[in-house]
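Raw contents of structure32.tsv, TSV, C-alpha atoms:
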chain	number	residue	atom	x	y	z
W	585	MET	CA	34.19	-121.00	-16.25
W	586	HIS	CA	32.16	-122.85	-18.87
W	587	LEU	CA	28.38	-122.45	-18.53
W	588	PHE	CA	26.19	-125.45	-19.40
W	589	ILE	CA	22.46	-124.73	-19.70
W	590	ASN	CA	20.54	-128.03	-19.54
W	591	THR	CA	17.33	-127.13	-17.70
W	592	TYR	CA	14.26	-126.92	-19.95
W	593	GLY	CA	12.75	-123.43	-20.03
W	594	THR	CA	15.86	-121.57	-18.86
W	595	TYR	CA	16.15	-118.06	-20.31
W	596	LEU	CA	19.49	-116.31	-20.80
W	597	HIS	CA	19.40	-112.56	-21.37
W	598	VAL	CA	21.24	-109.38	-20.33
W	599	LYS	CA	20.66	-106.96	-17.48
W	600	ASP	CA	23.03	-104.05	-16.82
W	601	GLU	CA	25.71	-105.55	-19.08
W	602	ILE	CA	25.84	-108.87	-17.23
W	603	PHE	CA	24.14	-112.15	-17.99
W	604	GLU	CA	20.93	-112.96	-16.16
W	605	LEU	CA	19.69	-116.56	-16.11
W	606	ARG	CA	16.08	-117.28	-15.23
W	607	VAL	CA	15.86	-120.93	-14.23
W	608	PRO	CA	12.35	-122.38	-13.70
W	609	GLN	CA	11.74	-124.05	-10.35
W	610	GLU	CA	9.28	-126.76	-9.29
W	611	ASP	CA	7.06	-124.20	-7.53
W	612	LYS	CA	6.70	-122.37	-10.90
W	613	THR	CA	8.90	-119.48	-9.81
W	614	ASN	CA	12.15	-118.49	-11.49
W	615	LYS	CA	15.55	-118.59	-9.84
W	616	LYS	CA	17.73	-115.70	-11.07
W	617	ILE	CA	21.49	-116.13	-11.48
W	618	TYR	CA	23.81	-113.26	-12.47
W	619	LEU	CA	27.15	-113.83	-14.18
W	620	ALA	CA	29.75	-111.31	-15.35
W	621	PRO	CA	30.86	-112.00	-18.95
W	622	GLN	CA	34.51	-111.62	-17.92
W	623	LYS	CA	34.19	-114.84	-15.89
W	624	ILE	CA	32.82	-117.01	-18.72
W	625	GLN	CA	34.89	-118.80	-21.36
W	626	GLY	CA	32.09	-120.61	-23.17
W	627	ILE	CA	28.34	-121.24	-23.12
W	628	VAL	CA	26.67	-124.54	-24.07
W	629	ILE	CA	22.91	-124.55	-24.64
W	630	THR	CA	20.54	-127.50	-25.04
W	631	ASN	CA	17.18	-128.91	-23.91
W	632	GLY	CA	14.75	-126.15	-24.88
W	633	ALA	CA	16.57	-123.20	-23.34
W	634	ALA	CA	16.12	-119.73	-24.82
W	635	VAL	CA	18.71	-117.00	-25.35
W	636	SER	CA	18.12	-113.36	-26.28
W	637	THR	CA	19.94	-111.56	-29.09
W	638	ASP	CA	21.34	-109.19	-26.46
W	639	ALA	CA	22.92	-112.17	-24.70
W	640	ILE	CA	24.43	-113.40	-27.96
W	641	ILE	CA	25.85	-109.94	-28.69
W	642	LEU	CA	27.31	-109.61	-25.18
W	643	ALA	CA	28.91	-113.03	-25.51
W	644	LEU	CA	30.45	-112.18	-28.88
W	645	LYS	CA	31.78	-108.86	-27.57
W	646	HIS	CA	33.67	-110.79	-24.90
W	647	GLN	CA	34.91	-113.55	-27.24
W	648	ILE	CA	32.62	-116.11	-25.58
W	649	ASP	CA	31.73	-118.98	-27.91
W	650	ILE	CA	28.16	-120.28	-27.77
W	651	VAL	CA	27.67	-123.95	-28.73
W	652	VAL	CA	24.16	-125.27	-29.46
W	653	LEU	CA	23.41	-128.96	-28.87
W	654	ASP	CA	20.38	-131.05	-29.77
W	655	GLY	CA	18.34	-132.97	-27.20
W	656	LEU	CA	20.74	-135.92	-27.41
W	657	GLY	CA	23.78	-133.76	-26.70
W	658	ASN	CA	25.12	-133.74	-30.27
W	659	PRO	CA	26.69	-130.46	-31.47
W	660	LEU	CA	24.62	-128.60	-34.08
W	661	GLY	CA	26.62	-125.38	-34.45
W	662	ARG	CA	28.18	-122.42	-32.71
W	663	PHE	CA	28.33	-118.61	-32.59
W	664	TRP	CA	31.67	-116.85	-32.57
W	665	HIS	CA	32.91	-113.33	-33.26
W	666	SER	CA	33.45	-112.31	-36.89
W	667	ARG	CA	36.89	-110.87	-36.08
W	668	LEU	CA	39.92	-113.11	-35.63
W	669	GLY	CA	39.35	-114.72	-32.26
W	670	SER	CA	40.37	-117.71	-30.20
W	671	THR	CA	38.44	-120.22	-32.32
W	672	THR	CA	40.16	-119.13	-35.54
W	673	LYS	CA	43.56	-119.12	-33.84
W	674	ILE	CA	43.01	-122.63	-32.54
W	675	ARG	CA	42.08	-123.91	-36.00
W	676	ARG	CA	45.14	-122.26	-37.53
W	677	GLN	CA	47.28	-123.97	-34.92
W	678	GLN	CA	45.59	-127.28	-35.69
W	679	LEU	CA	46.60	-126.95	-39.34
W	680	MET	CA	50.16	-126.17	-38.32
W	681	LEU	CA	50.26	-129.33	-36.20
W	682	THR	CA	49.71	-131.49	-39.27
W	683	MET	CA	53.06	-130.34	-40.66
W	684	SER	CA	55.15	-130.03	-37.51
W	685	GLU	CA	57.03	-132.21	-35.05
W	686	LYS	CA	54.77	-130.89	-32.30
W	687	GLY	CA	51.84	-132.66	-33.93
W	688	SER	CA	53.78	-135.92	-33.72
W	689	MET	CA	54.42	-135.26	-30.04
W	690	TYR	CA	50.69	-135.00	-29.35
W	691	ILE	CA	49.98	-138.24	-31.22
W	692	LYS	CA	52.78	-140.02	-29.39
W	693	GLU	CA	51.42	-138.76	-26.06
W	694	TRP	CA	47.84	-139.89	-26.80
W	695	LEU	CA	48.89	-143.33	-28.06
W	696	ALA	CA	51.28	-143.84	-25.15
W	697	ARG	CA	48.44	-143.01	-22.74
W	698	LYS	CA	46.19	-145.47	-24.55
W	699	LEU	CA	48.73	-148.26	-24.10
W	700	LYS	CA	49.36	-147.30	-20.48
W	701	ASN	CA	45.61	-147.53	-19.84
W	702	GLN	CA	45.57	-151.00	-21.41
W	703	TYR	CA	48.53	-152.07	-19.28
W	704	ASP	CA	47.01	-150.66	-16.08
W	705	TYR	CA	43.66	-152.33	-16.76
W	706	LEU	CA	45.30	-155.74	-17.20
W	707	GLN	CA	47.11	-155.20	-13.91
W	708	ARG	CA	43.77	-154.54	-12.21
W	709	LEU	CA	42.24	-157.65	-13.76
W	710	LYS	CA	45.17	-159.71	-12.53
W	711	LYS	CA	44.37	-159.04	-8.87
W	712	LYS	CA	41.17	-161.14	-8.99
W	713	ARG	CA	42.62	-163.88	-11.19
W	714	PRO	CA	45.52	-165.46	-9.29
W	715	ALA	CA	45.59	-168.51	-11.55
W	716	ARG	CA	46.22	-166.31	-14.61
W	717	GLN	CA	48.70	-163.85	-13.11
W	718	GLU	CA	51.72	-165.18	-14.96
W	719	TYR	CA	49.91	-165.08	-18.30
W	720	ILE	CA	48.55	-161.57	-17.70
W	721	ASP	CA	51.97	-160.31	-16.60
W	722	ASP	CA	53.55	-161.68	-19.77
W	723	GLN	CA	50.97	-160.02	-22.05
W	724	ALA	CA	51.02	-156.74	-20.11
W	725	LYS	CA	54.81	-156.58	-20.45
W	726	LYS	CA	54.47	-156.85	-24.24
W	727	ILE	CA	52.13	-153.86	-24.24
W	728	LYS	CA	54.53	-151.97	-22.00
W	729	ASP	CA	57.33	-152.70	-24.49
W	730	MET	CA	55.19	-151.31	-27.35
W	731	ARG	CA	54.56	-148.18	-25.32
W	732	ALA	CA	58.29	-147.71	-24.78
W	733	LYS	CA	58.85	-148.01	-28.53
W	734	ILE	CA	56.26	-145.29	-29.17
W	735	ASN	CA	57.90	-143.01	-26.62
W	736	ASN	CA	61.33	-143.61	-28.17
W	737	ILE	CA	60.39	-142.65	-31.72
W	738	ASP	CA	62.23	-139.49	-32.78
W	739	PRO	CA	59.81	-136.58	-33.19
W	740	LYS	CA	59.39	-135.92	-36.91
W	741	PRO	CA	56.48	-134.62	-39.01
W	742	ILE	CA	53.66	-137.09	-38.63
W	743	ASP	CA	53.68	-138.32	-42.23
W	744	GLN	CA	57.19	-139.69	-41.64
W	745	ILE	CA	56.33	-141.77	-38.58
W	746	SER	CA	52.58	-142.47	-38.77
W	747	ASP	CA	53.01	-145.98	-40.20
W	748	THR	CA	55.45	-146.89	-37.44
W	749	LEU	CA	53.15	-145.52	-34.76
W	750	ARG	CA	50.17	-147.40	-36.18
W	751	GLY	CA	52.24	-150.58	-36.23
W	752	PHE	CA	53.15	-150.39	-32.54
W	753	GLU	CA	49.59	-149.37	-31.58
W	754	GLY	CA	48.10	-152.19	-33.64
W	755	THR	CA	50.42	-154.79	-32.11
W	756	ALA	CA	49.51	-153.64	-28.61
W	757	GLY	CA	45.81	-153.73	-29.48
W	758	ARG	CA	45.98	-157.30	-30.73
W	759	ILE	CA	47.76	-158.36	-27.53
W	760	PHE	CA	45.27	-156.50	-25.35
W	761	PHE	CA	42.11	-157.92	-26.92
W	762	ARG	CA	43.57	-161.42	-27.17
W	763	THR	CA	44.23	-161.23	-23.43
W	764	LEU	CA	40.71	-160.02	-22.67
W	765	SER	CA	39.31	-162.89	-24.73
W	766	GLU	CA	41.40	-165.43	-22.85
W	767	LEU	CA	40.04	-164.13	-19.53
W	768	LEU	CA	36.39	-164.54	-20.55
W	769	PRO	CA	34.25	-167.67	-20.20
W	770	PRO	CA	34.79	-169.91	-23.27
W	771	HIS	CA	31.42	-169.17	-24.92
W	772	TYR	CA	32.21	-165.41	-24.89
W	773	GLN	CA	35.73	-165.63	-26.32
W	774	PHE	CA	36.43	-163.89	-29.64
W	775	ASP	CA	39.11	-163.78	-32.31
W	776	GLY	CA	40.46	-160.22	-32.30
W	777	ARG	CA	38.79	-156.96	-33.30
W	778	SER	CA	36.17	-156.80	-36.02
W	779	THR	CA	34.23	-153.70	-36.96
W	780	ARG	CA	32.08	-153.63	-40.09
W	781	PRO	CA	30.37	-155.86	-39.24
W	782	ALA	CA	31.26	-157.35	-35.87
W	783	ARG	CA	31.87	-161.09	-36.11
W	784	ASP	CA	30.93	-161.73	-32.47
W	785	GLN	CA	28.97	-160.27	-29.59
W	786	PHE	CA	31.95	-158.76	-27.79
W	787	ASN	CA	32.91	-156.71	-30.84
W	788	ALA	CA	29.29	-155.74	-31.44
W	789	PHE	CA	29.20	-154.22	-27.96
W	790	LEU	CA	32.60	-152.54	-28.45
W	791	ASN	CA	31.58	-151.00	-31.76
W	792	TYR	CA	28.39	-149.48	-30.38
W	793	GLY	CA	30.18	-148.25	-27.25
W	794	TYR	CA	32.89	-146.57	-29.32
W	795	GLY	CA	30.16	-144.87	-31.34
W	796	VAL	CA	28.76	-143.36	-28.14
W	797	LEU	CA	32.26	-142.25	-27.15
W	798	TYR	CA	32.89	-140.68	-30.57
W	799	SER	CA	29.92	-138.36	-30.07
W	800	ARG	CA	31.17	-137.42	-26.59
W	801	VAL	CA	34.63	-136.60	-27.94
W	802	GLU	CA	33.22	-134.54	-30.82
W	803	LYS	CA	31.09	-132.56	-28.37
W	804	ALA	CA	34.07	-131.90	-26.07
W	805	LEU	CA	36.25	-130.76	-28.97
W	806	MET	CA	33.60	-128.39	-30.32
W	807	ILE	CA	32.95	-126.87	-26.91
W	808	ALA	CA	36.70	-126.28	-26.56
W	809	GLY	CA	36.70	-124.39	-29.88
W	810	LEU	CA	38.52	-127.12	-31.82
W	811	ASP	CA	37.61	-128.22	-35.33
W	812	PRO	CA	36.83	-131.96	-35.19
W	813	TYR	CA	37.57	-132.25	-38.93
W	814	VAL	CA	41.21	-131.05	-38.68
W	815	GLY	CA	43.22	-133.98	-37.37
W	816	ILE	CA	46.91	-134.76	-37.08
W	817	MET	CA	47.45	-138.42	-37.90
W	818	HIS	CA	43.93	-138.97	-39.28
W	819	ARG	CA	43.76	-136.04	-41.68
W	820	ASP	CA	43.27	-137.02	-45.31
W	821	ASP	CA	39.63	-138.03	-45.70
W	822	TYR	CA	37.11	-135.41	-46.85
W	823	ASN	CA	34.22	-134.88	-44.45
W	824	HIS	CA	35.91	-137.16	-41.90
W	825	LYS	CA	36.05	-136.09	-38.26
W	826	SER	CA	39.78	-136.70	-38.13
W	827	LEU	CA	40.60	-135.03	-34.82
W	828	VAL	CA	37.94	-137.14	-33.09
W	829	PHE	CA	39.81	-140.30	-34.16
W	830	ASP	CA	43.10	-138.84	-32.93
W	831	PHE	CA	41.86	-137.51	-29.61
W	832	ILE	CA	39.70	-140.49	-28.65
W	833	GLU	CA	42.56	-142.95	-28.20
W	834	PRO	CA	43.32	-142.51	-24.46
W	835	TYR	CA	39.62	-142.80	-23.62
W	836	ARG	CA	38.74	-146.01	-25.47
W	837	ILE	CA	39.60	-147.92	-22.31
W	838	TRP	CA	36.35	-146.61	-20.76
W	839	VAL	CA	34.36	-148.59	-23.32
W	840	ASP	CA	36.69	-151.59	-23.11
W	841	GLU	CA	36.30	-151.75	-19.34
W	842	THR	CA	32.50	-151.39	-19.44
W	843	VAL	CA	32.05	-154.08	-22.09
W	844	PHE	CA	34.47	-156.54	-20.48
W	845	LYS	CA	32.64	-156.20	-17.17
W	846	LEU	CA	29.29	-156.96	-18.82
W	847	PHE	CA	30.68	-160.14	-20.35
W	848	SER	CA	32.80	-161.29	-17.41
W	849	THR	CA	29.78	-160.97	-15.10
W	850	LYS	CA	27.64	-162.89	-17.64
W	851	LYS	CA	25.08	-160.14	-18.21
W	852	VAL	CA	25.11	-160.65	-21.99
W	853	ASN	CA	23.15	-163.33	-23.81
W	854	LYS	CA	22.24	-164.16	-27.40
W	855	ALA	CA	19.05	-162.11	-27.17
W	856	HIS	CA	21.10	-158.88	-27.06
W	857	THR	CA	22.30	-159.08	-30.69
W	858	ASP	CA	20.76	-159.76	-34.09
W	859	GLU	CA	22.37	-161.24	-37.17
W	860	THR	CA	23.21	-158.82	-39.96
W	861	THR	CA	24.89	-159.31	-43.32
W	862	GLY	CA	28.08	-161.11	-42.43
W	863	GLY	CA	27.99	-160.47	-38.71
W	864	LEU	CA	26.18	-159.24	-35.60
W	865	ALA	CA	24.77	-155.93	-34.34
W	866	LEU	CA	23.20	-154.84	-31.07
W	867	ASN	CA	19.41	-154.80	-30.98
W	868	LYS	CA	17.29	-152.61	-28.70
W	869	GLU	CA	17.82	-154.88	-25.69
W	870	GLY	CA	21.58	-154.92	-26.24
W	871	LYS	CA	21.77	-151.14	-26.68
W	872	ASP	CA	19.72	-150.57	-23.53
W	873	LEU	CA	22.00	-152.87	-21.53
W	874	LEU	CA	25.19	-151.22	-22.74
W	875	LEU	CA	23.92	-147.64	-22.44
W	876	LYS	CA	22.70	-148.20	-18.89
W	877	HIS	CA	26.17	-149.24	-17.73
W	878	LEU	CA	28.26	-147.02	-20.02
W	879	ILE	CA	26.39	-143.81	-19.21
W	880	ASP	CA	26.64	-144.59	-15.50
W	881	PHE	CA	30.38	-145.19	-15.94
W	882	LEU	CA	30.87	-141.91	-17.82
W	883	ASP	CA	28.39	-139.55	-16.19
W	884	THR	CA	27.76	-140.77	-12.64
W	885	GLN	CA	30.77	-142.60	-11.26
W	886	LYS	CA	33.54	-140.27	-10.07
W	887	ILE	CA	37.29	-140.77	-9.87
W	888	ASN	CA	40.15	-138.70	-8.49
W	889	TYR	CA	41.45	-136.16	-11.00
W	890	GLN	CA	43.56	-133.08	-10.30
W	891	GLY	CA	42.74	-133.28	-6.61
W	892	LYS	CA	38.97	-133.45	-7.11
W	893	ARG	CA	36.32	-136.12	-7.62
W	894	ARG	CA	35.12	-135.81	-11.20
W	895	THR	CA	33.10	-137.84	-13.68
W	896	ARG	CA	34.90	-139.23	-16.71
W	897	ASN	CA	32.78	-137.05	-18.99
W	898	ASP	CA	33.97	-133.95	-17.10
W	899	ILE	CA	37.56	-135.17	-17.41
W	900	LEU	CA	37.11	-135.52	-21.18
W	901	MET	CA	35.80	-131.95	-21.35
W	902	ILE	CA	38.62	-130.59	-19.20
W	903	GLU	CA	41.29	-132.28	-21.30
W	904	ALA	CA	39.79	-131.05	-24.58
W	905	ILE	CA	39.76	-127.50	-23.22
W	906	GLY	CA	43.31	-128.01	-21.94
W	907	PHE	CA	44.45	-129.09	-25.41
W	908	ALA	CA	42.84	-125.99	-26.94
W	909	GLN	CA	44.55	-123.76	-24.38
W	910	LYS	CA	47.91	-125.33	-25.22
W	911	LEU	CA	47.37	-124.56	-28.88
W	912	LEU	CA	46.53	-120.93	-28.13
W	913	SER	CA	49.83	-120.35	-26.36
W	914	ASP	CA	53.28	-121.87	-26.66
W	915	LYS	CA	54.31	-120.30	-23.36
W	916	THR	CA	53.26	-123.39	-21.40
W	917	LEU	CA	52.81	-127.08	-22.17
W	918	ASP	CA	50.99	-127.69	-18.90
W	919	VAL	CA	47.64	-129.35	-19.62
W	920	ASN	CA	46.95	-130.00	-15.94
W	921	LYS	CA	45.10	-126.74	-15.41
W	922	SER	CA	41.79	-126.80	-13.59
W	923	PHE	CA	38.66	-125.53	-15.34
W	924	ASP	CA	35.40	-124.62	-13.64
W	925	PHE	CA	31.93	-125.58	-14.80
W	926	LEU	CA	28.51	-124.20	-13.95
W	927	ILE	CA	25.78	-126.63	-14.97
W	928	ILE	CA	22.18	-125.37	-14.92
Would you write the structure of this file as structure tokens?
Amino acid sequence: MHLFINTYGTYLHVKDEIFELRVPQEDKTNKKIYLAPQKIQGIVITNGAAVSTDAIILALKHQIDIVVLDGLGNPLGRFWHSRLGSTTKIRRQQLMLTMSEKGSMYIKEWLARKLKNQYDYLQRLKKKRPARQEYIDDQAKKIKDMRAKINNIDPKPIDQISDTLRGFEGTAGRIFFRTLSELLPPHYQFDGRSTRPARDQFNAFLNYGYGVLYSRVEKALMIAGLDPYVGIMHRDDYNHKSLVFDFIEPYRIWVDETVFKLFSTKKVNKAHTDETTGGLALNKEGKDLLLKHLIDFLDTQKINYQGKRRTRNDILMIEAIGFAQKLLSDKTLDVNKSFDFLII
């Protein structure tokens, strides 16, 4: 299991060669939890918890990575064993992916999932818009065709097919966002994606939402032992979290869906954004509105996944760990393995 320590004042130490957690309770007593190191794959610590050096040593002896987060949940660093361990092996495999056909297969899979999510979302929107069904069907089919083209690309090293993949993904994205715009009330409609800066309110909300999602993806990758700076298709920029930009693609739909719902239900007004040089940006009121709904969508609402009801944030964590496990072993390509979490 992966152990998440979120409760302020929790103390992790060692007793008789097993981990002992002392978790403060409302009645000012401590609840004690005992965990064998053989059952733990990783430990994540945040929110004012304390850990003894004995606990760190025991974790390192058993190849258990310890990730430290700040109060906002952003990764600060990690402990891992000085000998060649799982983290080093994963990073070596990441580097090999940048030069192999297998790396292209991962990128194709992630982009194809992204386009399938776009297609599926348009199908869901169609159900409540009978007057626009023909139009939505036509646009969704175009995205489906782009997805088929991605799937049909011969697997080659990524530098030989990256431009083609980006072309199909970009075409699908333009179709998707044009369709969303057409389904909004006229005063909310927008002319395609714009980033730095956003030219309209819809893109201002998207850009901030993607920023939140980037930090979630980086956290999941680090907890899984992956290096967020070693990407496959995004890999050339120094000090650029390339793997985050690769891995995020299937999950962008979570932001798209949240933002579209805010606009289609007319919860957004001009007071939520301020003018910046050449465009618009969310102000405090806009950020509060988006975060309230996006965090609920990611952390509270549950959906069916691998036979269980899970939050989207848990799904992101599970799939990052699954990707790391696939890199550690070529014996199986099955990412649909269940992982357990203990959150304290």
Any idea what's packed within 9 Å of stretch 833-843 of chain W, counting all atoms listed in the file, ignoring anything in its chain fewer than 2 positions away? Could you give it as a PyMOL selection string?
chain W and resi 694-702+705+786+789-790+793-794+797+828-831+845-848+874+877-878+881-882+896+900
How many Å lie between atom CA of W:Arg713 and atom CA of W:Leu768, rounded to one decimal?
11.3 Å
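Taking atom CA of W:Thr895 and atom CA of W:Asp880 as endpoints, the distance between them is 9.5 Å.
Take atom CA of W:Ile589 and atom CA of W:Val628: the distance between them is 6.1 Å.
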Residue neighbourhood W:Ser746, 12 Å, only C-alpha atoms, exclusion window fewer than 2 positions, as a PyMOL selection string
chain W and resi 682+685+687-689+691-692+695+734+737-744+748-754+816-819+830
For W:Leu679: contacts at 10 Å, all atoms listed in the file, fewer than 2 positions along chain excluded, given as a ChimeraX atom specification
/W:674-677,681-684,687,811,814-816,819
Would you pick out the contacts of stretch 613-626 of chain W at 7 Å or less, using all atoms listed in the file, so that residues sharing its chain but fewer than 3 positions from it are not included, and give the list as a list in words?
Met585, His586, Leu587, Ile602, Phe603, Glu604, Leu605, Arg606, Val607, Pro608, Gln609, Ala643, His646, Ile648, Asp649 and Ile650 of chain W
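If only C-alpha atoms are the atoms counted, then among W:Gln717, W:Gln707, W:Asn736, W:Thr861 the closest residue to W:Arg783 is W:Thr861.
Checking W:Leu653, W:Ile899, W:Met806, W:Leu875 one by one against W:Tyr792, counting all atoms listed in the file, you find the shortest gap at W:Leu875.
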Find the residues near stretch 755-766 of chain W: any atom within 9 Å, counting only C-alpha atoms, skip ones fewer than 2 places away on the same chain, and give them as a VMD selection string.
chain W and resid 699 702 to 703 706 719 to 720 723 to 724 726 to 731 750 to 753 768 to 770 772 to 777 786 844
